[in-house]
file upload29.cif (mmCIF, C-alpha atoms)
data_run
loop_
_atom_site.group_PDB
_atom_site.id
_atom_site.type_symbol
_atom_site.label_atom_id
_atom_site.label_comp_id
_atom_site.auth_asym_id
_atom_site.auth_seq_id
_atom_site.Cartn_x
_atom_site.Cartn_y
_atom_site.Cartn_z
ATOM 1 C CA MET X 1 0.000 0.000 0.000
ATOM 2 C CA SER X 2 1.208 3.495 -0.846
ATOM 3 C CA VAL X 3 -0.332 6.607 0.715
ATOM 4 C CA ASP X 4 0.688 8.446 -2.459
ATOM 5 C CA GLY X 5 -0.527 5.774 -4.853
ATOM 6 C CA PRO X 6 -3.757 5.665 -6.822
ATOM 7 C CA VAL X 7 -7.254 4.872 -5.652
ATOM 8 C CA LEU X 8 -8.482 1.760 -7.457
ATOM 9 C CA VAL X 9 -12.143 2.091 -8.472
ATOM 10 C CA LEU X 10 -13.832 -1.165 -9.472
ATOM 11 C CA THR X 11 -17.176 -0.505 -11.113
ATOM 12 C CA CYS X 12 -19.115 -0.665 -14.362
ATOM 13 C CA ALA X 13 -18.831 2.017 -17.056
ATOM 14 C CA ASP X 14 -22.266 3.492 -16.314
ATOM 15 C CA ASP X 15 -21.994 4.417 -12.638
ATOM 16 C CA PRO X 16 -22.802 8.111 -11.981
ATOM 17 C CA THR X 17 -22.168 7.675 -8.251
ATOM 18 C CA SER X 18 -18.555 6.662 -8.888
ATOM 19 C CA ASP X 19 -18.255 9.507 -11.400
ATOM 20 C CA VAL X 20 -18.793 12.167 -8.722
ATOM 21 C CA VAL X 21 -16.312 10.502 -6.357
ATOM 22 C CA LEU X 22 -13.686 10.339 -9.102
ATOM 23 C CA ALA X 23 -14.282 14.000 -9.939
ATOM 24 C CA GLU X 24 -13.764 14.931 -6.285
ATOM 25 C CA LEU X 25 -10.561 12.885 -6.065
ATOM 26 C CA ASN X 26 -9.279 14.426 -9.304
ATOM 27 C CA ASN X 27 -9.964 17.913 -7.922
ATOM 28 C CA ARG X 28 -7.827 16.998 -4.907
ATOM 29 C CA GLY X 29 -4.991 15.779 -7.104
ATOM 30 C CA VAL X 30 -5.430 12.154 -6.006
ATOM 31 C CA PRO X 31 -4.523 9.667 -8.783
ATOM 32 C CA VAL X 32 -7.251 7.201 -9.744
ATOM 33 C CA PHE X 33 -7.317 3.987 -11.749
ATOM 34 C CA ARG X 34 -10.816 2.939 -12.782
ATOM 35 C CA CYS X 35 -11.774 -0.330 -14.425
ATOM 36 C CA ASP X 36 -14.487 -2.940 -14.646
ATOM 37 C CA PRO X 37 -13.075 -6.384 -13.723
ATOM 38 C CA ALA X 38 -15.504 -8.030 -16.156
ATOM 39 C CA ASP X 39 -13.725 -6.281 -19.020
ATOM 40 C CA VAL X 40 -11.074 -8.982 -18.821
ATOM 41 C CA LEU X 41 -13.501 -10.930 -21.031
ATOM 42 C CA THR X 42 -13.872 -8.145 -23.604
ATOM 43 C CA GLY X 43 -10.204 -7.330 -24.160
ATOM 44 C CA ARG X 44 -10.568 -3.862 -22.611
ATOM 45 C CA LEU X 45 -8.673 -4.939 -19.493
ATOM 46 C CA GLU X 46 -5.342 -6.771 -19.522
ATOM 47 C CA VAL X 47 -4.041 -8.523 -16.410
ATOM 48 C CA SER X 48 -0.687 -9.945 -15.370
ATOM 49 C CA ALA X 49 -0.259 -11.438 -11.898
ATOM 50 C CA HIS X 50 3.065 -13.066 -10.964
ATOM 51 C CA PHE X 51 3.520 -15.378 -7.965
ATOM 52 C CA GLY X 52 6.531 -17.260 -6.698
ATOM 53 C CA THR X 53 9.643 -17.077 -4.531
ATOM 54 C CA SER X 54 10.114 -13.398 -5.306
ATOM 55 C CA GLY X 55 6.636 -12.577 -4.002
ATOM 56 C CA ALA X 56 3.518 -11.438 -5.821
ATOM 57 C CA ARG X 57 3.340 -8.718 -8.487
ATOM 58 C CA SER X 58 0.068 -7.852 -10.166
ATOM 59 C CA TYR X 59 -0.722 -5.316 -12.867
ATOM 60 C CA LEU X 60 -3.905 -4.100 -14.540
ATOM 61 C CA ARG X 61 -3.772 -2.315 -17.887
ATOM 62 C CA THR X 62 -6.384 -0.406 -19.893
ATOM 63 C CA ASP X 63 -5.915 1.587 -23.104
ATOM 64 C CA ALA X 64 -5.250 4.667 -20.975
ATOM 65 C CA ARG X 65 -2.945 3.506 -18.194
ATOM 66 C CA THR X 66 -1.356 0.754 -16.111
ATOM 67 C CA VAL X 67 -1.488 0.197 -12.361
ATOM 68 C CA ASP X 68 0.777 -1.848 -10.101
ATOM 69 C CA LEU X 69 -1.625 -3.216 -7.488
ATOM 70 C CA SER X 70 1.065 -3.044 -4.790
ATOM 71 C CA SER X 71 0.987 0.754 -5.135
ATOM 72 C CA VAL X 72 -2.766 1.124 -4.577
ATOM 73 C CA ARG X 73 -3.654 3.195 -1.512
ATOM 74 C CA SER X 74 -7.351 2.266 -1.324
ATOM 75 C CA VAL X 75 -10.105 0.508 -3.268
ATOM 76 C CA TYR X 76 -13.626 1.725 -4.006
ATOM 77 C CA TYR X 77 -15.585 -1.440 -4.822
ATOM 78 C CA ARG X 78 -18.865 -0.212 -6.276
ATOM 79 C CA ARG X 79 -20.837 -2.027 -8.947
ATOM 80 C CA PRO X 80 -18.724 -4.138 -11.298
ATOM 81 C CA SER X 81 -20.549 -5.755 -14.202
ATOM 82 C CA SER X 82 -21.433 -9.432 -14.217
ATOM 83 C CA TYR X 83 -18.957 -11.636 -16.034
ATOM 84 C CA LEU X 84 -20.341 -12.432 -19.495
ATOM 85 C CA ALA X 85 -18.643 -14.712 -21.960
ATOM 86 C CA PRO X 86 -17.952 -13.429 -25.495
ATOM 87 C CA THR X 87 -20.858 -14.236 -27.794
ATOM 88 C CA THR X 88 -18.419 -15.698 -30.308
ATOM 89 C CA MET X 89 -17.755 -18.641 -27.975
ATOM 90 C CA SER X 90 -19.720 -21.853 -27.765
ATOM 91 C CA GLU X 91 -21.849 -22.310 -24.638
ATOM 92 C CA ARG X 92 -19.329 -24.729 -23.144
ATOM 93 C CA ASP X 93 -16.275 -22.566 -23.914
ATOM 94 C CA GLY X 94 -18.086 -19.447 -22.778
ATOM 95 C CA ARG X 95 -18.995 -20.984 -19.430
ATOM 96 C CA PHE X 96 -15.376 -22.045 -18.937
ATOM 97 C CA ALA X 97 -14.023 -18.606 -19.860
ATOM 98 C CA LYS X 98 -16.480 -16.822 -17.576
ATOM 99 C CA GLU X 99 -15.635 -18.935 -14.535
ATOM 100 C CA GLN X 100 -11.885 -18.624 -15.124
ATOM 101 C CA ALA X 101 -12.141 -14.852 -15.421
ATOM 102 C CA LYS X 102 -14.399 -14.456 -12.380
ATOM 103 C CA HIS X 103 -12.283 -16.543 -10.031
ATOM 104 C CA GLY X 104 -8.988 -15.203 -11.312
ATOM 105 C CA MET X 105 -9.966 -11.539 -11.124
ATOM 106 C CA ALA X 106 -11.669 -11.832 -7.738
ATOM 107 C CA GLY X 107 -8.594 -13.440 -6.226
ATOM 108 C CA ILE X 108 -6.189 -10.952 -7.758
ATOM 109 C CA VAL X 109 -8.022 -7.771 -6.732
ATOM 110 C CA ALA X 110 -8.962 -9.162 -3.309
ATOM 111 C CA SER X 111 -5.270 -9.408 -2.470
ATOM 112 C CA VAL X 112 -4.848 -5.632 -2.692
ATOM 113 C CA ARG X 113 -3.727 -4.232 0.656
ATOM 114 C CA GLY X 114 -5.002 -0.944 1.978
ATOM 115 C CA ARG X 115 -8.436 0.417 2.766
ATOM 116 C CA TRP X 116 -11.436 -1.025 0.960
ATOM 117 C CA VAL X 117 -14.879 0.558 0.688
ATOM 118 C CA ASN X 118 -16.019 -2.194 0.918
ATOM 119 C CA HIS X 119 -13.803 -5.273 0.620
ATOM 120 C CA ILE X 120 -15.111 -7.702 -1.968
ATOM 121 C CA TRP X 121 -15.269 -10.680 0.425
ATOM 122 C CA ARG X 122 -16.872 -8.657 3.232
ATOM 123 C CA ALA X 123 -19.450 -7.262 0.814
ATOM 124 C CA VAL X 124 -20.337 -10.741 -0.458
ATOM 125 C CA GLU X 125 -20.772 -12.063 3.082
ATOM 126 C CA ALA X 126 -23.089 -9.186 4.006
ATOM 127 C CA GLU X 127 -25.182 -9.519 0.838
ATOM 128 C CA PHE X 128 -27.389 -12.412 1.979
ATOM 129 C CA LYS X 129 -30.700 -11.458 3.600
ATOM 130 C CA PRO X 130 -30.751 -14.286 6.193
ATOM 131 C CA THR X 131 -27.261 -13.264 7.327
ATOM 132 C CA GLN X 132 -28.367 -9.638 7.490
ATOM 133 C CA LEU X 133 -31.419 -10.458 9.590
ATOM 134 C CA ILE X 134 -29.372 -12.338 12.176
ATOM 135 C CA ALA X 135 -26.674 -9.649 12.303
ATOM 136 C CA ALA X 136 -29.261 -6.871 12.621
ATOM 137 C CA ARG X 137 -30.899 -8.506 15.606
ATOM 138 C CA GLU X 138 -27.517 -9.083 17.236
ATOM 139 C CA ALA X 139 -26.610 -5.427 16.656
ATOM 140 C CA GLY X 140 -29.694 -4.386 18.617
ATOM 141 C CA PHE X 141 -32.004 -3.189 15.844
ATOM 142 C CA VAL X 142 -35.767 -3.667 15.981
ATOM 143 C CA VAL X 143 -36.322 -6.285 13.252
ATOM 144 C CA PRO X 144 -39.803 -7.137 11.928
ATOM 145 C CA PRO X 145 -40.902 -10.793 12.187
ATOM 146 C CA THR X 146 -39.755 -12.440 8.965
ATOM 147 C CA ILE X 147 -40.131 -15.805 7.261
ATOM 148 C CA ILE X 148 -38.162 -17.223 4.329
ATOM 149 C CA THR X 149 -39.885 -20.284 2.925
ATOM 150 C CA ASN X 150 -41.258 -22.177 -0.052
ATOM 151 C CA ARG X 151 -44.249 -23.595 1.901
ATOM 152 C CA VAL X 152 -47.632 -21.989 1.257
ATOM 153 C CA ASP X 153 -49.086 -23.287 4.521
ATOM 154 C CA ASP X 154 -46.286 -21.709 6.519
ATOM 155 C CA VAL X 155 -46.914 -18.325 4.905
ATOM 156 C CA ARG X 156 -50.616 -18.581 5.700
ATOM 157 C CA ASP X 157 -49.833 -19.449 9.316
ATOM 158 C CA PHE X 158 -47.390 -16.550 9.425
ATOM 159 C CA THR X 159 -50.127 -14.204 8.185
ATOM 160 C CA LYS X 160 -52.508 -15.385 10.908
ATOM 161 C CA GLU X 161 -49.846 -14.621 13.514
ATOM 162 C CA GLN X 162 -48.635 -11.284 12.122
ATOM 163 C CA GLY X 163 -51.602 -9.784 10.285
ATOM 164 C CA SER X 164 -50.649 -7.709 7.242
ATOM 165 C CA ILE X 165 -47.468 -8.952 5.521
ATOM 166 C CA VAL X 166 -45.288 -7.803 2.634
ATOM 167 C CA TYR X 167 -43.144 -9.622 0.106
ATOM 168 C CA LYS X 168 -39.505 -8.655 -0.483
ATOM 169 C CA PRO X 169 -37.089 -10.165 -3.020
ATOM 170 C CA LEU X 170 -34.160 -11.996 -1.450
ATOM 171 C CA GLN X 171 -31.876 -10.481 -4.079
ATOM 172 C CA ASN X 172 -32.259 -7.719 -6.641
ATOM 173 C CA THR X 173 -32.187 -9.351 -10.055
ATOM 174 C CA ASP X 174 -31.942 -7.790 -13.508
ATOM 175 C CA LEU X 175 -35.379 -8.323 -15.030
ATOM 176 C CA ALA X 176 -37.035 -7.171 -18.228
ATOM 177 C CA GLY X 177 -40.676 -6.783 -19.214
ATOM 178 C CA SER X 178 -42.273 -8.202 -22.343
ATOM 179 C CA ASP X 179 -41.175 -5.086 -24.255
ATOM 180 C CA GLY X 180 -37.572 -5.514 -23.175
ATOM 181 C CA THR X 181 -37.508 -2.556 -20.787
ATOM 182 C CA ALA X 182 -36.089 -2.930 -17.287
ATOM 183 C CA ALA X 183 -38.553 -4.226 -14.700
ATOM 184 C CA ALA X 184 -38.531 -4.238 -10.913
ATOM 185 C CA ILE X 185 -40.251 -6.162 -8.131
ATOM 186 C CA TRP X 186 -41.404 -3.716 -5.474
ATOM 187 C CA VAL X 187 -41.956 -4.406 -1.810
ATOM 188 C CA ASP X 188 -45.731 -4.805 -1.584
ATOM 189 C CA GLU X 189 -48.502 -6.197 0.563
ATOM 190 C CA VAL X 190 -49.461 -9.834 0.058
ATOM 191 C CA GLU X 191 -52.804 -11.579 0.418
ATOM 192 C CA ALA X 192 -52.034 -15.065 1.677
ATOM 193 C CA SER X 193 -55.297 -16.396 0.251
ATOM 194 C CA LYS X 194 -54.017 -15.685 -3.265
ATOM 195 C CA LEU X 195 -50.816 -17.693 -2.866
ATOM 196 C CA ASP X 196 -50.691 -20.991 -4.715
ATOM 197 C CA ALA X 197 -48.436 -24.016 -5.215
ATOM 198 C CA GLY X 198 -46.162 -21.973 -7.465
ATOM 199 C CA LEU X 199 -44.628 -20.556 -4.320
ATOM 200 C CA GLY X 200 -42.965 -23.926 -3.811
ATOM 201 C CA LEU X 201 -40.712 -23.470 -6.845
ATOM 202 C CA THR X 202 -38.233 -21.219 -5.042
ATOM 203 C CA LEU X 203 -37.624 -19.382 -1.762
ATOM 204 C CA HIS X 204 -39.471 -16.201 -0.823
ATOM 205 C CA LEU X 205 -39.153 -13.633 1.970
ATOM 206 C CA PHE X 206 -42.250 -12.379 3.762
ATOM 207 C CA GLN X 207 -42.272 -9.877 6.587
ATOM 208 C CA ARG X 208 -44.789 -8.280 8.894
ATOM 209 C CA ARG X 209 -45.816 -4.949 7.397
ATOM 210 C CA VAL X 210 -44.469 -2.051 9.432
ATOM 211 C CA ASP X 211 -47.099 0.542 10.360
ATOM 212 C CA LYS X 212 -44.859 3.411 9.331
ATOM 213 C CA VAL X 213 -45.311 7.159 8.982
ATOM 214 C CA ALA X 214 -42.121 7.596 6.923
ATOM 215 C CA ASP X 215 -38.974 5.840 5.767
ATOM 216 C CA LEU X 216 -35.412 6.602 6.798
ATOM 217 C CA ARG X 217 -32.151 6.130 4.934
ATOM 218 C CA VAL X 218 -29.025 6.151 7.083
ATOM 219 C CA THR X 219 -25.777 6.244 5.112
ATOM 220 C CA VAL X 220 -22.627 5.431 7.061
ATOM 221 C CA ILE X 221 -19.363 6.514 5.422
ATOM 222 C CA GLY X 222 -16.430 5.756 7.698
ATOM 223 C CA ASN X 223 -16.958 7.839 10.835
ATOM 224 C CA GLU X 224 -19.657 9.997 9.229
ATOM 225 C CA ILE X 225 -23.375 9.227 9.466
ATOM 226 C CA PHE X 226 -26.019 10.913 7.317
ATOM 227 C CA SER X 227 -29.732 10.354 7.998
ATOM 228 C CA VAL X 228 -32.572 11.403 5.712
ATOM 229 C CA ARG X 229 -36.321 11.082 6.202
ATOM 230 C CA LEU X 230 -38.266 10.035 3.092
ATOM 231 C CA GLU X 231 -42.007 10.534 2.805
ATOM 232 C CA SER X 232 -43.895 8.727 0.060
ATOM 233 C CA PRO X 233 -47.469 7.528 -0.550
ATOM 234 C CA HIS X 234 -46.143 4.059 -1.455
ATOM 235 C CA ILE X 235 -45.074 1.117 0.695
ATOM 236 C CA ASP X 236 -41.885 1.066 -1.385
ATOM 237 C CA TRP X 237 -40.753 4.661 -1.926
ATOM 238 C CA ARG X 238 -38.584 3.586 -4.865
ATOM 239 C CA ARG X 239 -41.734 3.046 -6.924
ATOM 240 C CA ASP X 240 -41.937 6.775 -7.754
ATOM 241 C CA TYR X 241 -39.059 9.068 -6.827
ATOM 242 C CA ASP X 242 -41.032 12.114 -8.009
ATOM 243 C CA GLN X 243 -43.415 11.687 -5.080
ATOM 244 C CA VAL X 244 -40.715 11.403 -2.408
ATOM 245 C CA ARG X 245 -40.094 14.315 -0.047
ATOM 246 C CA TYR X 246 -36.737 14.533 1.735
ATOM 247 C CA SER X 247 -35.601 16.090 4.998
ATOM 248 C CA VAL X 248 -32.377 15.773 6.999
ATOM 249 C CA VAL X 249 -32.817 14.317 10.496
ATOM 250 C CA ASP X 250 -30.528 13.700 13.446
ATOM 251 C CA THR X 251 -29.406 10.116 13.967
ATOM 252 C CA PRO X 252 -30.399 8.817 17.415
ATOM 253 C CA VAL X 253 -27.381 7.793 19.472
ATOM 254 C CA ASP X 254 -28.591 4.215 19.830
ATOM 255 C CA ILE X 255 -29.217 3.850 16.082
ATOM 256 C CA ALA X 256 -25.743 5.195 15.290
ATOM 257 C CA ALA X 257 -24.166 2.718 17.708
ATOM 258 C CA GLN X 258 -26.183 -0.172 16.263
ATOM 259 C CA CYS X 259 -25.172 0.766 12.710
ATOM 260 C CA ARG X 260 -21.522 0.715 13.713
ATOM 261 C CA ARG X 261 -21.866 -2.637 15.492
ATOM 262 C CA TYR X 262 -23.526 -4.072 12.397
ATOM 263 C CA LEU X 263 -20.803 -2.818 10.018
ATOM 264 C CA ASP X 264 -18.014 -3.838 12.404
ATOM 265 C CA LYS X 265 -19.386 -7.391 12.449
ATOM 266 C CA PHE X 266 -18.742 -7.645 8.707
ATOM 267 C CA GLY X 267 -15.641 -5.433 8.566
ATOM 268 C CA LEU X 268 -17.392 -2.777 6.452
ATOM 269 C CA LEU X 269 -16.732 0.964 6.191
ATOM 270 C CA PHE X 270 -19.831 1.854 4.161
ATOM 271 C CA GLY X 271 -23.455 0.883 4.571
ATOM 272 C CA ALA X 272 -26.802 2.231 3.354
ATOM 273 C CA PHE X 273 -29.387 1.306 6.002
ATOM 274 C CA ASP X 274 -33.143 1.450 5.451
ATOM 275 C CA PHE X 275 -35.631 1.870 8.295
ATOM 276 C CA GLY X 276 -39.333 2.434 8.775
ATOM 277 C CA LEU X 277 -40.347 5.167 11.234
ATOM 278 C CA THR X 278 -43.417 4.287 13.290
ATOM 279 C CA GLY X 279 -45.893 6.645 14.892
ATOM 280 C CA ASP X 280 -44.301 6.254 18.328
ATOM 281 C CA GLY X 281 -40.876 7.229 16.952
ATOM 282 C CA SER X 282 -39.373 3.741 16.707
ATOM 283 C CA TRP X 283 -36.843 3.022 13.942
ATOM 284 C CA VAL X 284 -37.574 -0.427 12.483
ATOM 285 C CA TRP X 285 -34.700 -1.980 10.518
ATOM 286 C CA TYR X 286 -35.324 -3.192 6.960
ATOM 287 C CA GLU X 287 -31.935 -3.916 5.411
ATOM 288 C CA CYS X 288 -28.391 -2.718 4.802
ATOM 289 C CA ASN X 289 -27.019 -2.381 1.277
ATOM 290 C CA THR X 290 -23.213 -2.443 1.166
ATOM 291 C CA GLY X 291 -23.198 -0.858 -2.300
ATOM 292 C CA GLY X 292 -26.286 1.305 -1.979
ATOM 293 C CA GLN X 293 -26.901 4.511 -3.887
ATOM 294 C CA TRP X 294 -26.416 7.759 -1.974
ATOM 295 C CA HIS X 295 -25.526 10.611 -4.313
ATOM 296 C CA TRP X 296 -29.132 11.482 -5.142
ATOM 297 C CA LEU X 297 -29.647 12.161 -1.437
ATOM 298 C CA GLU X 298 -26.764 14.628 -1.504
ATOM 299 C CA LEU X 299 -28.384 16.408 -4.449
ATOM 300 C CA GLU X 300 -31.718 16.567 -2.598
ATOM 301 C CA THR X 301 -30.370 17.641 0.799
ATOM 302 C CA GLY X 302 -26.900 19.130 0.357
ATOM 303 C CA LEU X 303 -25.316 16.634 2.758
ATOM 304 C CA PRO X 304 -21.524 16.428 2.091
ATOM 305 C CA MET X 305 -21.465 12.728 1.270
ATOM 306 C CA THR X 306 -19.118 12.877 -1.716
ATOM 307 C CA ALA X 307 -16.502 14.661 0.363
ATOM 308 C CA ALA X 308 -16.851 12.110 3.169
ATOM 309 C CA LEU X 309 -16.298 9.215 0.769
ATOM 310 C CA ALA X 310 -13.361 10.936 -0.918
ATOM 311 C CA ASP X 311 -11.827 11.551 2.522
ATOM 312 C CA LEU X 312 -12.136 7.859 3.312
ATOM 313 C CA LEU X 313 -10.411 6.838 0.088
ATOM 314 C CA GLU X 314 -7.755 9.564 0.115
ATOM 315 C CA ILE X 315 -6.616 9.457 3.729
ATOM 316 C CA THR X 316 -5.580 5.909 4.591
ATOM 317 C CA ARG X 317 -3.445 6.506 7.673
#
call {"tool": "encode", "arguments": {"input": "upload29.cif", "output": "structure tokens"}}
result
Amino acid sequence: MSVDGPVLVLTCADDPTSDVVLAELNNRGVPVFRCDPADVLTGRLEVSAHFGTSGARSYLRTDARTVDLSSVRSVYYRRPSSYLAPTTMSERDGRFAKEQAKHGMAGIVASVRGRWVNHIWRAVEAEFKPTQLIAAREAGFVVPPTIITNRVDDVRDFTKEQGSIVYKPLQNTDLAGSDGTAAAIWVDEVEASKLDAGLGLTLHLFQRRVDKVADLRVTVIGNEIFSVRLESPHIDWRRDYDQVRYSVVDTPVDIAAQCRRYLDKFGLLFGAFDFGLTGDGSWVWYECNTGGQWHWLELETGLPMTAALADLLEITR
């Protein structure tokens, strides 16, 4: 690790959030090397990693520049693309190439020393909803009763116990509608009577609906915590951003401590936490996204989030 070396930014080409961080780092005179690890399959990224008695030496090269990974001061791991095999390959060869690239690149970049926001392995561990639910309860958050199942009868029993329930995807998946446009599955209320045997084909997450008056997004960036109240007519405020109203709020001391305990459990420096705010003032935990969006909140509220993230990546001592 070099405190004068570049910041390595691992993300896809279309990532406006990374763009603003890179612009801030450039304004500070901090060198940056940006690439998408999946480009190793397109020829836009060349890699050489040497191992042996003389130690390890790894280099990444794009058309614009080359980086020695031993010189990297910090890593911003944002939203790399999925590994896709070249369409010119057969299905068998493509599957082989994809797996070789994925495992090789992950191992090479994961060996980079220095500060990560967030480290690839830590981010993967914290991605799974069941793991999150356990960690959230251990951190002290109020967690809604939740069931993950493929049994219709168990969901119906859960509804009898909890009353109104909602469905949440276990993982955000790239989906497309019949016209080819991007589609999304929103958090929404579920009528157990309408569930059928098709539920048994995979796992589903159901949760007691929180009787909320607003939503809260708490973004933790290193030692900085930024909390924003979001008011929307929808259960899932993401359904229509134009109807969301934003206001900056103070983070309760207990919530701040719980957020830090949660991130410390996974070894994370960044987390985007979602909560529901109930009428009695309780903050009910929903989830934590280790690569969550945050820049739009800065645009809406003026909170200095870009600067906080640039500080974290620039100052590694």
call {"tool": "residues_around", "arguments": {"input": "upload29.cif", "residues": "range 194-205 of chain X", "least_positions_apart": "2", "cutoff": "12 Å", "atoms": "all atoms listed in the file", "output": "JSON, numbers by chain"}}
result
{"X": [128, 129, 130, 133, 144, 145, 146, 147, 148, 149, 150, 151, 152, 153, 154, 155, 156, 158, 159, 165, 166, 167, 168, 169, 170, 171, 187, 188, 189, 190, 191, 192, 207, 208]}
call {"tool": "write_last_selection", "arguments": {"input": "upload29.cif", "atoms": "C-alpha atoms", "output": "CSV table (one decimal), keeping the file's coordinate frame"}}
result
chain,number,residue,atom,x,y,z
X,128,PHE,CA,-27.4,-12.4,2.0
X,129,LYS,CA,-30.7,-11.5,3.6
X,130,PRO,CA,-30.8,-14.3,6.2
X,133,LEU,CA,-31.4,-10.5,9.6
X,144,PRO,CA,-39.8,-7.1,11.9
X,145,PRO,CA,-40.9,-10.8,12.2
X,146,THR,CA,-39.8,-12.4,9.0
X,147,ILE,CA,-40.1,-15.8,7.3
X,148,ILE,CA,-38.2,-17.2,4.3
X,149,THR,CA,-39.9,-20.3,2.9
X,150,ASN,CA,-41.3,-22.2,-0.1
X,151,ARG,CA,-44.2,-23.6,1.9
X,152,VAL,CA,-47.6,-22.0,1.3
X,153,ASP,CA,-49.1,-23.3,4.5
X,154,ASP,CA,-46.3,-21.7,6.5
X,155,VAL,CA,-46.9,-18.3,4.9
X,156,ARG,CA,-50.6,-18.6,5.7
X,158,PHE,CA,-47.4,-16.6,9.4
X,159,THR,CA,-50.1,-14.2,8.2
X,165,ILE,CA,-47.5,-9.0,5.5
X,166,VAL,CA,-45.3,-7.8,2.6
X,167,TYR,CA,-43.1,-9.6,0.1
X,168,LYS,CA,-39.5,-8.7,-0.5
X,169,PRO,CA,-37.1,-10.2,-3.0
X,170,LEU,CA,-34.2,-12.0,-1.4
X,171,GLN,CA,-31.9,-10.5,-4.1
X,187,VAL,CA,-42.0,-4.4,-1.8
X,188,ASP,CA,-45.7,-4.8,-1.6
X,189,GLU,CA,-48.5,-6.2,0.6
X,190,VAL,CA,-49.5,-9.8,0.1
X,191,GLU,CA,-52.8,-11.6,0.4
X,192,ALA,CA,-52.0,-15.1,1.7
X,207,GLN,CA,-42.3,-9.9,6.6
X,208,ARG,CA,-44.8,-8.3,8.9
call {"tool": "atom_distance", "arguments": {"input": "upload29.cif", "atom1": "CA of Arg65 in chain X", "atom2": "CA of Val7 in chain X"}}
result
13.3 Å
call {"tool": "closest_residue", "arguments": {"input": "upload29.cif", "among": "X:Val249, X:Val244, X:Ala257, X:Leu10", "to": "Val117 in chain X", "atoms": "all atoms listed in the file"}}
result
X:Leu10
call {"tool": "atom_distance", "arguments": {"input": "upload29.cif", "atom1": "CA of Pro16 in chain X", "atom2": "CA of Thr306 in chain X"}}
result
11.9 Å
call {"tool": "resolve_selection", "arguments": {"input": "upload29.cif", "expression": "the PyMOL selection byres ((chain X and resi 13) around 8)", "output": "short mmCIF file (atom, residue, chain, number, x, y, z; two decimals) with C-alpha atoms, in the frame of the given file"}}
result
data_model
loop_
_atom_site.label_atom_id
_atom_site.label_comp_id
_atom_site.auth_asym_id
_atom_site.auth_seq_id
_atom_site.Cartn_x
_atom_site.Cartn_y
_atom_site.Cartn_z
CA THR X 11 -17.18 -0.50 -11.11
CA CYS X 12 -19.11 -0.66 -14.36
CA ASP X 14 -22.27 3.49 -16.31
CA ASP X 15 -21.99 4.42 -12.64
CA CYS X 35 -11.77 -0.33 -14.42
CA ASP X 36 -14.49 -2.94 -14.65
#
call {"tool": "resolve_selection", "arguments": {"input": "upload29.cif", "expression": "the PyMOL selection byres ((chain X and resi 284-291) around 6)", "output": "list in words"}}
result
Arg78, Val142, Val143, Gly271, Ala272, Phe273, Asp274, Phe275, Gly276, Trp283 and Gly292 of chain X
call {"tool": "atom_distance", "arguments": {"input": "upload29.cif", "atom1": "CA of Ala126 in chain X", "atom2": "CA of Leu269 in chain X"}}
result
12.2 Å
call {"tool": "closest_residue", "arguments": {"input": "upload29.cif", "among": "X:Pro80, X:Ala38, X:Ser70, X:Ala256", "to": "Lys102 in chain X", "atoms": "only C-alpha atoms"}}
result
X:Ala38
call {"tool": "residues_around", "arguments": {"input": "upload29.cif", "residues": "Val20 in chain X", "least_positions_apart": "4", "cutoff": "12 Å", "atoms": "all atoms listed in the file", "output": "list of chain:residue names"}}
result
X:Asp15, X:Pro16, X:Glu24, X:Leu25, X:Asn26, X:Asn27, X:Trp294, X:His295, X:Trp296, X:Glu298, X:Leu299, X:Pro304, X:Met305, X:Thr306, X:Ala307, X:Leu309, X:Ala310
call {"tool": "axis_aligned_box", "arguments": {"input": "upload29.cif", "around": "range 98-105 of chain X", "padding_each_side": "3 Å", "output": "JSON"}}
result
{"center_x": -12.7, "center_y": -15.2, "center_z": -13.8, "size_x": 13.5, "size_y": 13.4, "size_z": 13.5}
call {"tool": "residues_near_point", "arguments": {"input": "upload29.cif", "point": "(-32.3, 17.4, 7.6)", "cutoff": "12 Å", "atoms": "all atoms listed in the file", "output": "list in words"}}
result
Leu216, Arg217, Val218, Phe226, Ser227, Val228, Arg229, Leu230, Arg245, Tyr246, Ser247, Val248, Val249, Asp250, Thr251, Leu297, Glu298, Glu300, Thr301, Gly302 and Leu303 of chain X
call {"tool": "write_last_selection", "arguments": {"input": "upload29.cif", "atoms": "C-alpha atoms", "output": "PDB file, keeping the file's coordinate frame"}}
result
ATOM      1  CA  LEU X 216     -35.412   6.602   6.798  1.00  0.00           C
ATOM      2  CA  ARG X 217     -32.151   6.130   4.934  1.00  0.00           C
ATOM      3  CA  VAL X 218     -29.025   6.151   7.083  1.00  0.00           C
ATOM      4  CA  PHE X 226     -26.019  10.913   7.317  1.00  0.00           C
ATOM      5  CA  SER X 227     -29.732  10.354   7.998  1.00  0.00           C
ATOM      6  CA  VAL X 228     -32.572  11.403   5.712  1.00  0.00           C
ATOM      7  CA  ARG X 229     -36.321  11.082   6.202  1.00  0.00           C
ATOM      8  CA  LEU X 230     -38.266  10.035   3.092  1.00  0.00           C
ATOM      9  CA  ARG X 245     -40.094  14.315  -0.047  1.00  0.00           C
ATOM     10  CA  TYR X 246     -36.737  14.533   1.735  1.00  0.00           C
ATOM     11  CA  SER X 247     -35.601  16.090   4.998  1.00  0.00           C
ATOM     12  CA  VAL X 248     -32.377  15.773   6.999  1.00  0.00           C
ATOM     13  CA  VAL X 249     -32.817  14.317  10.496  1.00  0.00           C
ATOM     14  CA  ASP X 250     -30.528  13.700  13.446  1.00  0.00           C
ATOM     15  CA  THR X 251     -29.406  10.116  13.967  1.00  0.00           C
ATOM     16  CA  LEU X 297     -29.647  12.161  -1.437  1.00  0.00           C
ATOM     17  CA  GLU X 298     -26.764  14.628  -1.504  1.00  0.00           C
ATOM     18  CA  GLU X 300     -31.718  16.567  -2.598  1.00  0.00           C
ATOM     19  CA  THR X 301     -30.370  17.641   0.799  1.00  0.00           C
ATOM     20  CA  GLY X 302     -26.900  19.130   0.357  1.00  0.00           C
ATOM     21  CA  LEU X 303     -25.316  16.634   2.758  1.00  0.00           C
TER      22      LEU X 303
END
